[in-house]
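Chemist: Submitted below is the structure of interest, expressed as structure tokens.
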Amino acid sequence: MADREIICIGCPMGCTLNVTVRDQQVARVRGNVCSRGAQYAKDEVLNPKRMVTSLIAVQGREEPLSVRTEKPIPKNLIFDCLREIRKAPVTLPVAIGDVIVKNVLDTQVNIIATRDLA
Ligand code: SF4
């Protein structure tokens, strides 16, 4: 049995959550003001995810294209995701929200443009 302390990022209150883990399961969450905190603690301990943001160099342009994942992806895939983003071909023009990499690493999450680039 182990206790972990994490900060909930579900809202600006930033509650400090104390999570008890037993047999690789979340046995108890304390410190959460609402149920979202309990869910966040479980996700963070058992399957942490993160949004990924990056830049892609565009041939013939000085300014890169900024991109991000549409949703958080498993934390252990971040570096592989960045490699996929680096390899992605970009065809101009690009509009904000355009899919640059579809279903990156079979996560069911797309990489999308976060700006227009004519
Ligand atoms: S536990 Fe609820 S109130 Fe506290 S930071 Fe998380 S979402 Fe906000």
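Every chain in the structure tokens takes a letter, A first, then B, and so on in the order presented; its residues are numbered from 1, and the ligands are numbered from 1 following the presented order.
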Compute the set of protein, DNA and RNA residues whose minimum atom distance to ligand 1 is at most 9 Å, using only C-alpha atoms and all ligand atoms, and state it as a short mmCIF file (atom, residue, chain, number, x, y, z; two decimals) with C-alpha atoms, in the first residue's frame.

Modeler:
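That gives us part.cif:
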```cif
data_model
loop_
_atom_site.label_atom_id
_atom_site.label_comp_id
_atom_site.auth_asym_id
_atom_site.auth_seq_id
_atom_site.Cartn_x
_atom_site.Cartn_y
_atom_site.Cartn_z
CA ILE A 7 -2.68 18.26 -7.41
CA CYS A 8 -6.01 18.12 -9.18
CA ILE A 9 -6.05 20.19 -12.37
CA GLY A 10 -9.80 19.86 -12.86
CA CYS A 11 -10.41 23.51 -11.98
CA PRO A 12 -8.51 26.52 -10.61
CA MET A 13 -8.99 25.43 -6.98
CA GLY A 14 -6.15 22.95 -7.43
CA CYS A 15 -7.12 20.63 -4.57
CA THR A 16 -4.32 18.53 -3.10
CA LEU A 17 -5.39 14.91 -3.44
CA GLY A 31 -8.85 15.96 -0.36
CA ASN A 32 -11.10 16.24 -3.38
CA VAL A 33 -13.89 18.77 -3.12
CA CYS A 34 -15.90 17.18 -5.94
CA SER A 35 -16.20 13.87 -7.79
CA ARG A 36 -14.12 15.11 -10.73
CA GLY A 37 -11.14 15.13 -8.39
CA ALA A 38 -11.63 11.46 -7.54
CA GLN A 39 -11.83 10.56 -11.22
CA TYR A 40 -8.76 12.68 -11.99
CA ALA A 41 -6.81 10.92 -9.22
#
```

Chemist: List the neighbours of range 105-114 of chain A out to 10 Å using only C-alpha atoms; skip same-chain residues closer than 4 positions along the sequence, and give me the result as a ChimeraX atom specification.

Modeler: /A:52-56,65-74,77,80-81,84-85,88,94-101

Chemist: Please write the residues from the selection above to a file, keeping C-alpha atoms, as a compact mmCIF listing (two decimals), in the first residue's frame.

Modeler:
```txt
# COMPACT_ATOMS: atom_id res chain seq x y z
CA VAL A 52 0.91 17.38 -26.48
CA THR A 53 1.79 20.63 -28.24
CA SER A 54 4.57 21.10 -30.74
CA LEU A 55 5.79 22.94 -33.81
CA ILE A 56 6.34 21.58 -37.33
CA LEU A 65 3.08 25.47 -37.81
CA SER A 66 1.89 25.04 -34.24
CA VAL A 67 -0.06 21.85 -33.54
CA ARG A 68 -1.56 19.96 -30.60
CA THR A 69 -3.35 16.75 -29.81
CA GLU A 70 -7.14 17.07 -29.89
CA LYS A 71 -7.34 15.26 -26.56
CA PRO A 72 -4.82 14.04 -23.99
CA ILE A 73 -2.85 10.91 -24.91
CA PRO A 74 -1.15 8.39 -22.58
CA LEU A 77 3.49 7.96 -25.72
CA ASP A 80 6.73 8.79 -29.86
CA CYS A 81 3.99 11.31 -30.58
CA GLU A 84 5.30 11.36 -35.47
CA ILE A 85 4.61 15.10 -35.45
CA ALA A 88 4.29 14.85 -40.63
CA VAL A 94 -3.56 25.08 -43.36
CA ALA A 95 -6.54 26.32 -41.35
CA ILE A 96 -6.86 26.20 -37.60
CA GLY A 97 -8.35 22.83 -36.62
CA ASP A 98 -7.14 20.98 -39.74
CA VAL A 99 -6.02 17.43 -39.03
CA ILE A 100 -2.26 17.16 -39.57
CA VAL A 101 -1.84 13.57 -38.28
```

Chemist: DSSP on the backbone: what in chain A comes out helix (DSSP H, G or I), as a list in words?

Modeler: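 Across chain A, those assigned helix (DSSP H, G or I) are Ser35, Arg36, Gly37, Ala38, Gln39, Tyr40, Ala41, Lys42, Asp43, Glu44, Val45, Leu46, Lys75, Asn76, Leu77, Ile78, Phe79, Asp80, Cys81, Leu82, Arg83, Glu84, Ile85, Arg86, Lys87, Val104, Leu105 and Asp106 of chain A.
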
Chemist: For a quick check of understanding, using only C-alpha atoms, which of A:Arg4, A:Arg28, A:Lys87, A:Lys75 has the smallest distance to Met51 in chain A?

Modeler: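 Going through A:Arg4, A:Arg28, A:Lys87, A:Lys75 one by one, the smallest distance to Met51 in chain A is for A:Lys75.
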
Chemist: Identify, with DSSP run on backbone atoms, the residues in range 13-78 of chain A assigned to strand (DSSP E or B), and express the list as a VMD selection string.

Modeler: chain A and resid 16 to 22 25 to 30 49 to 50 53 to 56 65 to 69 73 to 74
